[in-house]
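Please read the structure below before turning to the comments.
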Amino acid sequence: MQIQENEQLALVRDSTQQFAREFIKPYVMEWDEKQYFPVELFKKMGEYGFLGALVPEKYNGAGLGYQEYITILDEISKVCGSIGLSVAAHNSLCTNHILSFANEAQKEKYLPNLATAEWIGAWGLTETGSGSDAGGLATTAVADGDYFIINGSKTFITHAISGDVAVVMVRTGKKGDKHGVTAFIIEKGTPGFTAGKKMDKLGMRASETASLFFDDCRVHKSQVIGQVGDGFVQALKLLDGGRISIAALSLGIARGAYECALRYANEREQFQQKIFDFQDVGFTLADMATKIDAAELLIRKAGHLKDTGQKVTKESAMAKYYASEVAVEVSNQSVQVHGGYGFTKDYPAEKYFRDAKLCTIGEGTSAIQKMVIAREIKKDVQ
């Protein structure tokens, strides 16, 4: 899909494409096989402004909007979903939580380092016993003078090991109380704050995932974001934007899977003709192209609402739900178009296939997205 681009958006697309070709594409399978998180790549992305895309220039960020951010994620994820996922997590969760809800002193301390990738950010909400049930947190923080003592754990945390700073949601009130959760900024090296073993994953293998542990971890009250009890409400608002990022990640994966299938179909010959010319293959590719364009339109609409300060809860859920399911469908069809070769690591289709599935799970499963959408559209008849 060729959307109408202004000069800045076209420049962002071109620079991201060039970066991905030069610094990501040659190493994609090596990183995937080794489950290697390329910290050095993220330092370089910081120089390009990719890790401070939404951060204002006064905090050393790129000062871009959501349309540019969507484009960055689309182009990076088209080459490697793992890197796209880590860019999304750093920008939309840790960094954006501080940007959106922290006080000025906290912003001045953390945003310049996060925006330039001097520091890599993590964000912790999910726990072993509370995934979709985000209100059922078991990790607690108990006030102790000017400090809070935190005990518990977080799981499925992107950059848990390599992250320099984490924003974590911790229960400070009763379980299930939406005003009983508080967000804390916790720096790496804080006593009692440790990371677990890197998880061995099906896909997104170059994006580091592990657990975080808190064992009598003392955190000063100055590290609270907003007021005590604001954390759950902050997280829900933050996920509206985060879902746009996962939708853009899904879009890039789908586009990459489609483009490699399209190339293969125009190269592979059977029965003295290109397999693209078989109706079944041509129609499959037509379906893929149509759904990718439809997904992008939903994502761009959500990005526009976000950029103009409008409510985006329904639209971001729609974009995330549809784009993630399209990524799974398109990557599956890409393997099918490749036939037996699609089942080998000699072609990129199998990696898109493995990476795509997480998009329907992370930052709210497809079922959760439909729940959000249903809740929002019900308001239209009240």
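In the structure tokens, chains take letters A, B, ... by order of appearance, with residues numbered from 1 within each chain and ligands from 1 in the order shown.
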
- Query: as a count of residues only, which residues of segment 9-256 of chain A does DSSP assign to strand (DSSP E or B)?
  - Reply: 54

- as a ChimeraX atom specification, which residues of segment 133-332 of chain A does DSSP assign to alpha helix (DSSP H)? /A:231-267,279-307,313-332

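Distances from A:Ile120, A:Cys217, A:Val337, A:Val326 to Ala141 of chain A were compared using only C-alpha atoms, and the smallest one belongs to A:Cys217.
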
- Note on the structure: re atom CA of Gly129 of chain A and atom CA of Ser100 of chain A: distance 27.6 Å

- Task: Quick one: everything within 7 Å of Ser86 of chain A, counting only C-alpha atoms, minus sequence neighbours fewer than 4 positions away in the same chain. Send it as a list in words.
- Result: Ser82, His90, Thr158 and Ser207 of chain A
